[in-house]
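Reading through the structure tokens given below for one structure.
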Amino acid sequence: MSQTRYTSDHEWVRLDDGVATVGITDHAQTALGDIVFVDLPDPGRDVTAGEDCAVVESVKAASDIFAPLAGKIVETNPALADDPALINRDPAGEGWFFRMVPSDLAAFDALMDEAAYAALIAEA
Amino acid sequence: MPDAAPLPPLRASPLAAMHAALGARMVPFAGWSLPVQYAGILAEHRQCRDSAALFDVSHMGQASLHGPGAAAALERVALGDLTGLRPGRQRYSLLTNDRAGILDDFMAASLGDRLFLVVNASRADDDFAHIAAALPAGVTLERHPDRALLALQGPLAARALGRLCPATATMPFMAVAELDIAGIPVIASRSGYTGEDGFEISVPADHAEALAKLLLDQPEVTSAGLGARDSLRLEAGLPLYGQDLDEYTSPVEAGLTWAIGKRRRMAGDFPGAAVVRDQLDNGPPRIRVGLQPEGRAPVRAGVSILDESGATVGLVTSGTFSPSRDAPIAMGYVRPPHAADGTPLTLMLRGKPVPARVAPLPFVPHRYFR
């Protein structure tokens, strides 16, 4: 049974069997606008929580994507190279960025749940 | 942290209510709150290349120069053959300083009894003070904060506007006329900042929304924001003041020598003429070029340009993802030995080298109505 959590940087993290899939929220893709390029981390890279590890580019500007948790990157979404607009069309599904193995699963539980994230974007 | 001086409130376009109703995303730009996009930059960009798009550019500074000898007075601070400007014609010109640095680029149109000027929003206060200080008795500068400016751009712009105002249909590129559109008095020029055919229409602010709605009612036209305006002008190879042009850049470096005009170049009677003469004779220290990066990553302003040996030879000043070419494009300045079309260069993007080549400008051919 997978669980999804959210960060204040408008990323979602879905945990399945100890592997976390990371993407950006619908709120984030709407704010960015048309996405034309994504620079993804190399699999095997160790990241710390909050480290910038990817870049998403809209026509207008580049934005950093931060590792939501400490751990090791194990896979990136191959479909984004040819079709970065997947992130606009299906941010919570086909538009995922990368998968990682978190080094501390307790940190996952400390992220926002859906209700807390909904409250965050309602404030903005 | 010490208290910063509070920023002045953003100025609102006369079309602010319409932008809100259209769902625009507003951003601060040059002290104004302006629409960066409505439906999305890519869609708006394609709309302008394929049909027609309406841009609100009311932030641009507008003014009239009245009095006998107005053009001669303007030539004291600007280059270009302004005294040779015939009524009903518009010309691109530059304000320069004594070092030939570009203080602003602007449009000057002759309306017969006066010159009509359009300058960049961020430079308007400085420009108009600078021009006013150079005027002799009898020539006066009148600013027009009560006027809005609309740009209708695209291959079907003339069809849309011609339906409302048939006189516009036959105006050639860079013509200007005082016209009446459905009872609204306007100053329309056949010009723009997208590389497409189109018009820039100055209108009294209290008629701006009525005119904009009339234009948006035409089947060819939808609204477009500053985001698409930037990607369109970059594809068209047109420099943006504050990014690709500044007071440390000369017309020769910027590839704008053509704007000086033959008479002015021969006479050398504009600010910075000696520097321009020297750069024309001996070559400028750097030249504005187009850049075609490999791959799909946009390369933006501030990225260093290296030659094949790894030496820094220039700087990117504008860059985006080109919707028309489905590839990144950029503009920048390089030392002259590296400025020839096709020259291989390296762009340092976030610490990673991106191979690139010097590319001819414009990236997308101009389609002006001549």
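Residue numbering restarts at 1 in every chain; chains get A, B, ... in the order shown in the structure tokens, and ligands count up from 1 in that same order.
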
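Near chain A, within 7 Å and using only C-alpha atoms, the residues of chain B are Gly40, Ile41, Leu42, Gly227, Arg296, Ala297, Thr320 and Phe321 of chain B.
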
Go ahead and write the selection's residues with N, CA, C and O atoms as an mmCIF file, in the first residue's frame.
data_model
loop_
_atom_site.group_PDB
_atom_site.id
_atom_site.type_symbol
_atom_site.label_atom_id
_atom_site.label_comp_id
_atom_site.auth_asym_id
_atom_site.auth_seq_id
_atom_site.Cartn_x
_atom_site.Cartn_y
_atom_site.Cartn_z
ATOM 1 N N GLY B 40 -1.244 30.243 -21.712
ATOM 2 C CA GLY B 40 0.057 29.579 -21.645
ATOM 3 C C GLY B 40 0.962 30.154 -22.714
ATOM 4 O O GLY B 40 0.503 30.498 -23.810
ATOM 5 N N ILE B 41 2.242 30.256 -22.395
ATOM 6 C CA ILE B 41 3.170 30.953 -23.282
ATOM 7 C C ILE B 41 3.282 30.252 -24.639
ATOM 8 O O ILE B 41 3.270 30.898 -25.688
ATOM 9 N N LEU B 42 3.358 28.912 -24.626
ATOM 10 C CA LEU B 42 3.521 28.199 -25.901
ATOM 11 C C LEU B 42 2.332 28.436 -26.819
ATOM 12 O O LEU B 42 2.491 28.726 -28.007
ATOM 13 N N GLY B 227 5.283 36.893 -21.666
ATOM 14 C CA GLY B 227 6.089 35.685 -21.837
ATOM 15 C C GLY B 227 6.253 35.355 -23.309
ATOM 16 O O GLY B 227 7.372 35.133 -23.796
ATOM 17 N N ARG B 296 18.376 20.170 -25.683
ATOM 18 C CA ARG B 296 17.082 20.817 -25.453
ATOM 19 C C ARG B 296 17.080 21.760 -24.253
ATOM 20 O O ARG B 296 16.076 22.391 -23.970
ATOM 21 N N ALA B 297 18.190 21.840 -23.527
ATOM 22 C CA ALA B 297 18.193 22.684 -22.329
ATOM 23 C C ALA B 297 18.247 24.159 -22.714
ATOM 24 O O ALA B 297 19.155 24.578 -23.431
ATOM 25 N N THR B 320 16.089 31.404 -24.450
ATOM 26 C CA THR B 320 14.802 30.794 -24.123
ATOM 27 C C THR B 320 14.686 29.494 -24.893
ATOM 28 O O THR B 320 15.619 29.072 -25.568
ATOM 29 N N PHE B 321 13.531 28.854 -24.769
ATOM 30 C CA PHE B 321 13.208 27.709 -25.604
ATOM 31 C C PHE B 321 12.342 28.230 -26.735
ATOM 32 O O PHE B 321 11.325 28.865 -26.499
#

Contacts of Ala182 (chain B) within 12 Å, only C-alpha atoms, excl. fewer than 3 positions in-chain, as an mmCIF file with N, CA, C and O atoms, in the first residue's frame:
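Resulting contents of around04.cif:
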data_model
loop_
_atom_site.group_PDB
_atom_site.id
_atom_site.type_symbol
_atom_site.label_atom_id
_atom_site.label_comp_id
_atom_site.auth_asym_id
_atom_site.auth_seq_id
_atom_site.Cartn_x
_atom_site.Cartn_y
_atom_site.Cartn_z
ATOM 1 N N LEU B 161 -7.601 43.759 -38.308
ATOM 2 C CA LEU B 161 -7.701 45.213 -38.118
ATOM 3 C C LEU B 161 -8.355 45.874 -39.331
ATOM 4 O O LEU B 161 -9.106 46.849 -39.192
ATOM 5 N N GLY B 162 -8.075 45.332 -40.529
ATOM 6 C CA GLY B 162 -8.639 45.892 -41.747
ATOM 7 C C GLY B 162 -10.158 45.827 -41.773
ATOM 8 O O GLY B 162 -10.829 46.675 -42.375
ATOM 9 N N ARG B 163 -10.724 44.827 -41.106
ATOM 10 C CA ARG B 163 -12.178 44.702 -41.017
ATOM 11 C C ARG B 163 -12.766 45.886 -40.246
ATOM 12 O O ARG B 163 -13.868 46.346 -40.537
ATOM 13 N N LEU B 164 -12.018 46.370 -39.259
ATOM 14 C CA LEU B 164 -12.496 47.465 -38.414
ATOM 15 C C LEU B 164 -12.082 48.826 -38.963
ATOM 16 O O LEU B 164 -12.719 49.838 -38.693
ATOM 17 N N CYS B 165 -10.981 48.847 -39.698
ATOM 18 C CA CYS B 165 -10.404 50.114 -40.165
ATOM 19 C C CYS B 165 -9.680 49.845 -41.486
ATOM 20 O O CYS B 165 -8.486 49.533 -41.499
ATOM 21 N N PRO B 166 -10.434 49.903 -42.604
ATOM 22 C CA PRO B 166 -9.865 49.513 -43.913
ATOM 23 C C PRO B 166 -8.590 50.271 -44.271
ATOM 24 O O PRO B 166 -7.745 49.741 -44.994
ATOM 25 N N LEU B 179 -5.788 57.575 -37.039
ATOM 26 C CA LEU B 179 -6.960 56.936 -37.629
ATOM 27 C C LEU B 179 -8.091 56.883 -36.611
ATOM 28 O O LEU B 179 -7.909 57.188 -35.429
ATOM 29 N N PRO B 185 -10.268 57.410 -31.571
ATOM 30 C CA PRO B 185 -9.111 57.994 -32.262
ATOM 31 C C PRO B 185 -7.822 57.297 -31.820
ATOM 32 O O PRO B 185 -7.565 57.152 -30.619
ATOM 33 N N VAL B 186 -7.028 56.840 -32.790
ATOM 34 C CA VAL B 186 -5.797 56.112 -32.462
ATOM 35 C C VAL B 186 -4.635 56.648 -33.298
ATOM 36 O O VAL B 186 -4.835 57.322 -34.307
ATOM 37 N N HIS B 207 -10.370 54.712 -23.672
ATOM 38 C CA HIS B 207 -10.942 53.929 -24.772
ATOM 39 C C HIS B 207 -10.221 52.587 -24.960
ATOM 40 O O HIS B 207 -10.557 51.825 -25.865
ATOM 41 N N ALA B 210 -12.335 49.278 -24.628
ATOM 42 C CA ALA B 210 -13.294 49.120 -25.735
ATOM 43 C C ALA B 210 -12.564 48.667 -26.996
ATOM 44 O O ALA B 210 -13.036 47.768 -27.710
ATOM 45 N N LEU B 211 -11.405 49.260 -27.266
ATOM 46 C CA LEU B 211 -10.649 48.878 -28.458
ATOM 47 C C LEU B 211 -10.113 47.446 -28.325
ATOM 48 O O LEU B 211 -10.196 46.650 -29.273
ATOM 49 N N ALA B 212 -9.581 47.124 -27.147
ATOM 50 C CA ALA B 212 -9.043 45.769 -26.950
ATOM 51 C C ALA B 212 -10.140 44.728 -27.130
ATOM 52 O O ALA B 212 -9.928 43.690 -27.783
ATOM 53 N N LYS B 213 -11.329 44.983 -26.598
ATOM 54 C CA LYS B 213 -12.424 44.015 -26.730
ATOM 55 C C LYS B 213 -12.873 43.881 -28.184
ATOM 56 O O LYS B 213 -13.171 42.784 -28.652
ATOM 57 N N LEU B 214 -12.870 45.011 -28.889
ATOM 58 C CA LEU B 214 -13.217 44.977 -30.308
ATOM 59 C C LEU B 214 -12.221 44.107 -31.080
ATOM 60 O O LEU B 214 -12.596 43.288 -31.925
ATOM 61 N N LEU B 215 -10.953 44.257 -30.773
ATOM 62 C CA LEU B 215 -9.926 43.464 -31.458
ATOM 63 C C LEU B 215 -10.029 41.992 -31.067
ATOM 64 O O LEU B 215 -9.911 41.103 -31.904
#

Within 10 Å of Asp127 (chain B) using only C-alpha atoms, minus same-chain residues under 4 positions, as an MDAnalysis selection string: chainID B and resid 61 77 95 103:106 119:123 131:133

Filtering to N, CA, C and O atoms, could you give me those residues as a PDB file, in the first residue's frame?
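In the end it all went to selection.pdb:
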ATOM      1  N   GLY B  61       6.665  53.936 -22.605  1.00  0.00           N
ATOM      2  CA  GLY B  61       6.552  55.379 -22.445  1.00  0.00           C
ATOM      3  C   GLY B  61       6.182  56.044 -23.770  1.00  0.00           C
ATOM      4  O   GLY B  61       6.819  55.792 -24.794  1.00  0.00           O
ATOM      5  N   VAL B  77      20.517  64.219 -29.255  1.00  0.00           N
ATOM      6  CA  VAL B  77      20.716  63.146 -28.266  1.00  0.00           C
ATOM      7  C   VAL B  77      20.516  61.752 -28.845  1.00  0.00           C
ATOM      8  O   VAL B  77      20.780  60.745 -28.176  1.00  0.00           O
ATOM      9  N   LEU B  95      19.023  56.375 -28.272  1.00  0.00           N
ATOM     10  CA  LEU B  95      19.643  57.448 -27.498  1.00  0.00           C
ATOM     11  C   LEU B  95      21.009  56.926 -27.070  1.00  0.00           C
ATOM     12  O   LEU B  95      21.115  55.816 -26.551  1.00  0.00           O
ATOM     13  N   LEU B 103      21.567  54.390 -24.363  1.00  0.00           N
ATOM     14  CA  LEU B 103      20.742  54.757 -23.204  1.00  0.00           C
ATOM     15  C   LEU B 103      19.339  54.173 -23.322  1.00  0.00           C
ATOM     16  O   LEU B 103      18.672  53.929 -22.317  1.00  0.00           O
ATOM     17  N   ASP B 104      18.879  53.998 -24.560  1.00  0.00           N
ATOM     18  CA  ASP B 104      17.608  53.314 -24.807  1.00  0.00           C
ATOM     19  C   ASP B 104      17.446  53.143 -26.303  1.00  0.00           C
ATOM     20  O   ASP B 104      18.085  53.852 -27.096  1.00  0.00           O
ATOM     21  N   ASP B 105      16.595  52.186 -26.685  1.00  0.00           N
ATOM     22  CA  ASP B 105      16.154  52.144 -28.073  1.00  0.00           C
ATOM     23  C   ASP B 105      14.691  52.552 -28.094  1.00  0.00           C
ATOM     24  O   ASP B 105      13.960  52.327 -27.128  1.00  0.00           O
ATOM     25  N   PHE B 106      14.264  53.206 -29.170  1.00  0.00           N
ATOM     26  CA  PHE B 106      12.908  53.747 -29.204  1.00  0.00           C
ATOM     27  C   PHE B 106      12.430  53.906 -30.644  1.00  0.00           C
ATOM     28  O   PHE B 106      13.207  53.768 -31.589  1.00  0.00           O
ATOM     29  N   VAL B 119       9.106  54.746 -26.008  1.00  0.00           N
ATOM     30  CA  VAL B 119      10.361  54.291 -25.385  1.00  0.00           C
ATOM     31  C   VAL B 119      10.070  53.154 -24.405  1.00  0.00           C
ATOM     32  O   VAL B 119       8.918  52.885 -24.070  1.00  0.00           O
ATOM     33  N   ASN B 120      11.129  52.515 -23.920  1.00  0.00           N
ATOM     34  CA  ASN B 120      10.967  51.418 -22.963  1.00  0.00           C
ATOM     35  C   ASN B 120      10.497  51.928 -21.601  1.00  0.00           C
ATOM     36  O   ASN B 120      10.947  52.978 -21.126  1.00  0.00           O
ATOM     37  N   ALA B 121       9.621  51.134 -20.967  1.00  0.00           N
ATOM     38  CA  ALA B 121       9.034  51.530 -19.676  1.00  0.00           C
ATOM     39  C   ALA B 121      10.103  51.812 -18.630  1.00  0.00           C
ATOM     40  O   ALA B 121      10.045  52.819 -17.914  1.00  0.00           O
ATOM     41  N   SER B 122      11.100  50.924 -18.564  1.00  0.00           N
ATOM     42  CA  SER B 122      12.104  51.048 -17.509  1.00  0.00           C
ATOM     43  C   SER B 122      12.980  52.284 -17.704  1.00  0.00           C
ATOM     44  O   SER B 122      13.651  52.719 -16.778  1.00  0.00           O
ATOM     45  N   ARG B 123      12.985  52.838 -18.909  1.00  0.00           N
ATOM     46  CA  ARG B 123      13.855  53.957 -19.226  1.00  0.00           C
ATOM     47  C   ARG B 123      13.091  55.260 -19.416  1.00  0.00           C
ATOM     48  O   ARG B 123      13.715  56.306 -19.637  1.00  0.00           O
ATOM     49  N   ILE B 131      15.907  63.944 -23.035  1.00  0.00           N
ATOM     50  CA  ILE B 131      15.480  64.625 -24.269  1.00  0.00           C
ATOM     51  C   ILE B 131      15.065  66.064 -23.948  1.00  0.00           C
ATOM     52  O   ILE B 131      15.487  67.011 -24.623  1.00  0.00           O
ATOM     53  N   ALA B 132      14.267  66.220 -22.883  1.00  0.00           N
ATOM     54  CA  ALA B 132      13.758  67.558 -22.544  1.00  0.00           C
ATOM     55  C   ALA B 132      14.913  68.524 -22.285  1.00  0.00           C
ATOM     56  O   ALA B 132      14.848  69.702 -22.644  1.00  0.00           O
ATOM     57  N   ALA B 133      15.983  67.993 -21.661  1.00  0.00           N
ATOM     58  CA  ALA B 133      17.122  68.858 -21.316  1.00  0.00           C
ATOM     59  C   ALA B 133      17.861  69.344 -22.561  1.00  0.00           C
ATOM     60  O   ALA B 133      18.610  70.310 -22.503  1.00  0.00           O
TER      61      ALA B 133
END

Shell of 10 Å around Asp104 (chain A), only C-alpha atoms, local chain residues under 2 positions omitted, as a PyMOL selection string: chain A and resi 18+69-71+101-102+106-109

Please produce a file of the residues just selected, as a PDB file, in the first residue's frame, where the atoms kept are N, CA and C atoms.
ATOM      1  N   GLY A  18       9.641   0.829   0.278  1.00  0.00           N
ATOM      2  CA  GLY A  18      10.950   1.408   0.563  1.00  0.00           C
ATOM      3  C   GLY A  18      11.548   2.229  -0.556  1.00  0.00           C
ATOM      4  N   LEU A  69      14.045  13.995   0.525  1.00  0.00           N
ATOM      5  CA  LEU A  69      14.575  13.142   1.600  1.00  0.00           C
ATOM      6  C   LEU A  69      16.045  12.858   1.296  1.00  0.00           C
ATOM      7  N   ALA A  70      16.795  12.461   2.316  1.00  0.00           N
ATOM      8  CA  ALA A  70      18.153  11.974   2.079  1.00  0.00           C
ATOM      9  C   ALA A  70      18.074  10.559   1.524  1.00  0.00           C
ATOM     10  N   GLY A  71      19.035  10.215   0.688  1.00  0.00           N
ATOM     11  CA  GLY A  71      19.053   8.855   0.169  1.00  0.00           C
ATOM     12  C   GLY A  71      19.797   8.765  -1.138  1.00  0.00           C
ATOM     13  N   VAL A 101      15.927   5.720  -2.936  1.00  0.00           N
ATOM     14  CA  VAL A 101      15.795   4.902  -1.734  1.00  0.00           C
ATOM     15  C   VAL A 101      16.165   5.786  -0.552  1.00  0.00           C
ATOM     16  N   PRO A 102      15.175   6.163   0.263  1.00  0.00           N
ATOM     17  CA  PRO A 102      15.463   7.050   1.393  1.00  0.00           C
ATOM     18  C   PRO A 102      16.308   6.326   2.437  1.00  0.00           C
ATOM     19  N   ALA A 106      11.732   7.456   8.623  1.00  0.00           N
ATOM     20  CA  ALA A 106      11.009   8.310   9.563  1.00  0.00           C
ATOM     21  C   ALA A 106      10.846   9.724   9.000  1.00  0.00           C
ATOM     22  N   ALA A 107      11.821  10.148   8.184  1.00  0.00           N
ATOM     23  CA  ALA A 107      11.742  11.481   7.582  1.00  0.00           C
ATOM     24  C   ALA A 107      10.555  11.574   6.624  1.00  0.00           C
ATOM     25  N   PHE A 108      10.239  10.468   5.985  1.00  0.00           N
ATOM     26  CA  PHE A 108       9.070  10.448   5.098  1.00  0.00           C
ATOM     27  C   PHE A 108       7.805  10.742   5.897  1.00  0.00           C
ATOM     28  N   ASP A 109       7.679  10.087   7.036  1.00  0.00           N
ATOM     29  CA  ASP A 109       6.469  10.277   7.849  1.00  0.00           C
ATOM     30  C   ASP A 109       6.343  11.710   8.351  1.00  0.00           C
TER      31      ASP A 109
END

Residues of region 19-92 of chain A in alpha helix (DSSP H), written as JSON, numbers by chain: {"A": [26, 27, 28, 29, 30, 31, 32, 79, 80, 81, 82, 86, 87, 88, 89]}

Dump as an mmCIF file, in the first residue's frame, selection limited to N, CA, C and O atoms:
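Output file out_14.cif follows:
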data_model
loop_
_atom_site.group_PDB
_atom_site.id
_atom_site.type_symbol
_atom_site.label_atom_id
_atom_site.label_comp_id
_atom_site.auth_asym_id
_atom_site.auth_seq_id
_atom_site.Cartn_x
_atom_site.Cartn_y
_atom_site.Cartn_z
ATOM 1 N N ASP A 26 0.374 19.451 -8.885
ATOM 2 C CA ASP A 26 -0.399 20.164 -9.895
ATOM 3 C C ASP A 26 -0.296 21.670 -9.682
ATOM 4 O O ASP A 26 -0.183 22.442 -10.636
ATOM 5 N N HIS A 27 -0.294 22.071 -8.415
ATOM 6 C CA HIS A 27 -0.128 23.490 -8.088
ATOM 7 C C HIS A 27 1.194 24.010 -8.650
ATOM 8 O O HIS A 27 1.248 25.093 -9.256
ATOM 9 N N ALA A 28 2.247 23.225 -8.514
ATOM 10 C CA ALA A 28 3.571 23.651 -8.993
ATOM 11 C C ALA A 28 3.615 23.729 -10.516
ATOM 12 O O ALA A 28 4.137 24.694 -11.084
ATOM 13 N N GLN A 29 3.071 22.720 -11.184
ATOM 14 C CA GLN A 29 3.136 22.748 -12.663
ATOM 15 C C GLN A 29 2.303 23.898 -13.219
ATOM 16 O O GLN A 29 2.663 24.496 -14.224
ATOM 17 N N THR A 30 1.213 24.222 -12.543
ATOM 18 C CA THR A 30 0.396 25.348 -12.988
ATOM 19 C C THR A 30 1.185 26.649 -12.847
ATOM 20 O O THR A 30 1.181 27.506 -13.743
ATOM 21 N N ALA A 31 1.884 26.779 -11.719
ATOM 22 C CA ALA A 31 2.660 28.002 -11.487
ATOM 23 C C ALA A 31 3.810 28.122 -12.494
ATOM 24 O O ALA A 31 4.127 29.223 -12.954
ATOM 25 N N LEU A 32 4.432 26.992 -12.844
ATOM 26 C CA LEU A 32 5.572 27.040 -13.762
ATOM 27 C C LEU A 32 5.147 27.338 -15.189
ATOM 28 O O LEU A 32 5.871 27.982 -15.940
ATOM 29 N N ALA A 79 10.806 9.083 -19.917
ATOM 30 C CA ALA A 79 9.851 9.703 -20.850
ATOM 31 C C ALA A 79 9.980 11.223 -20.876
ATOM 32 O O ALA A 79 9.567 11.871 -21.837
ATOM 33 N N LEU A 80 10.568 11.806 -19.825
ATOM 34 C CA LEU A 80 10.600 13.269 -19.750
ATOM 35 C C LEU A 80 11.567 13.902 -20.747
ATOM 36 O O LEU A 80 11.416 15.068 -21.110
ATOM 37 N N ALA A 81 12.568 13.149 -21.192
ATOM 38 C CA ALA A 81 13.541 13.715 -22.126
ATOM 39 C C ALA A 81 12.852 14.130 -23.425
ATOM 40 O O ALA A 81 13.090 15.218 -23.945
ATOM 41 N N ASP A 82 11.974 13.253 -23.945
ATOM 42 C CA ASP A 82 11.298 13.556 -25.211
ATOM 43 C C ASP A 82 10.010 14.333 -25.013
ATOM 44 O O ASP A 82 9.534 14.989 -25.931
ATOM 45 N N LEU A 86 4.745 16.169 -20.245
ATOM 46 C CA LEU A 86 4.070 15.173 -19.394
ATOM 47 C C LEU A 86 3.858 15.720 -17.984
ATOM 48 O O LEU A 86 2.874 15.382 -17.320
ATOM 49 N N ILE A 87 4.799 16.540 -17.551
ATOM 50 C CA ILE A 87 4.703 17.100 -16.192
ATOM 51 C C ILE A 87 3.489 18.024 -16.087
ATOM 52 O O ILE A 87 2.805 18.051 -15.065
ATOM 53 N N ASN A 88 3.203 18.760 -17.160
ATOM 54 C CA ASN A 88 2.010 19.604 -17.169
ATOM 55 C C ASN A 88 0.734 18.757 -17.263
ATOM 56 O O ASN A 88 -0.250 19.051 -16.599
ATOM 57 N N ARG A 89 0.796 17.710 -18.086
ATOM 58 C CA ARG A 89 -0.427 16.946 -18.352
ATOM 59 C C ARG A 89 -0.782 16.013 -17.206
ATOM 60 O O ARG A 89 -1.955 15.806 -16.914
#

Contacts of region 114-123 of chain A within 12 Å, only C-alpha atoms, excl. fewer than 6 positions in-chain, as a ChimeraX atom specification: /A:3-14,25-28,31

Selection to disk with C-alpha atoms, as a PDB file, in the first residue's frame:
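So the final result, stored in again03.pdb, reads:
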ATOM      1  CA  GLN A   3       1.490   6.469   0.804  1.00  0.00           C
ATOM      2  CA  THR A   4       1.942   9.993  -0.564  1.00  0.00           C
ATOM      3  CA  ARG A   5       3.434  12.948   1.276  1.00  0.00           C
ATOM      4  CA  TYR A   6       4.195  16.536   0.223  1.00  0.00           C
ATOM      5  CA  THR A   7       6.924  19.128   0.760  1.00  0.00           C
ATOM      6  CA  SER A   8       6.710  22.891   1.133  1.00  0.00           C
ATOM      7  CA  ASP A   9       8.604  23.067  -2.198  1.00  0.00           C
ATOM      8  CA  HIS A  10       5.472  21.645  -3.864  1.00  0.00           C
ATOM      9  CA  GLU A  11       6.864  18.200  -4.509  1.00  0.00           C
ATOM     10  CA  TRP A  12       5.031  14.956  -3.904  1.00  0.00           C
ATOM     11  CA  VAL A  13       6.720  11.791  -2.603  1.00  0.00           C
ATOM     12  CA  ARG A  14       5.068   8.393  -2.988  1.00  0.00           C
ATOM     13  CA  THR A  25       2.328  18.915  -7.610  1.00  0.00           C
ATOM     14  CA  ASP A  26      -0.399  20.164  -9.895  1.00  0.00           C
ATOM     15  CA  HIS A  27      -0.128  23.490  -8.088  1.00  0.00           C
ATOM     16  CA  ALA A  28       3.571  23.651  -8.993  1.00  0.00           C
ATOM     17  CA  ALA A  31       2.660  28.002 -11.487  1.00  0.00           C
TER      18      ALA A  31
END
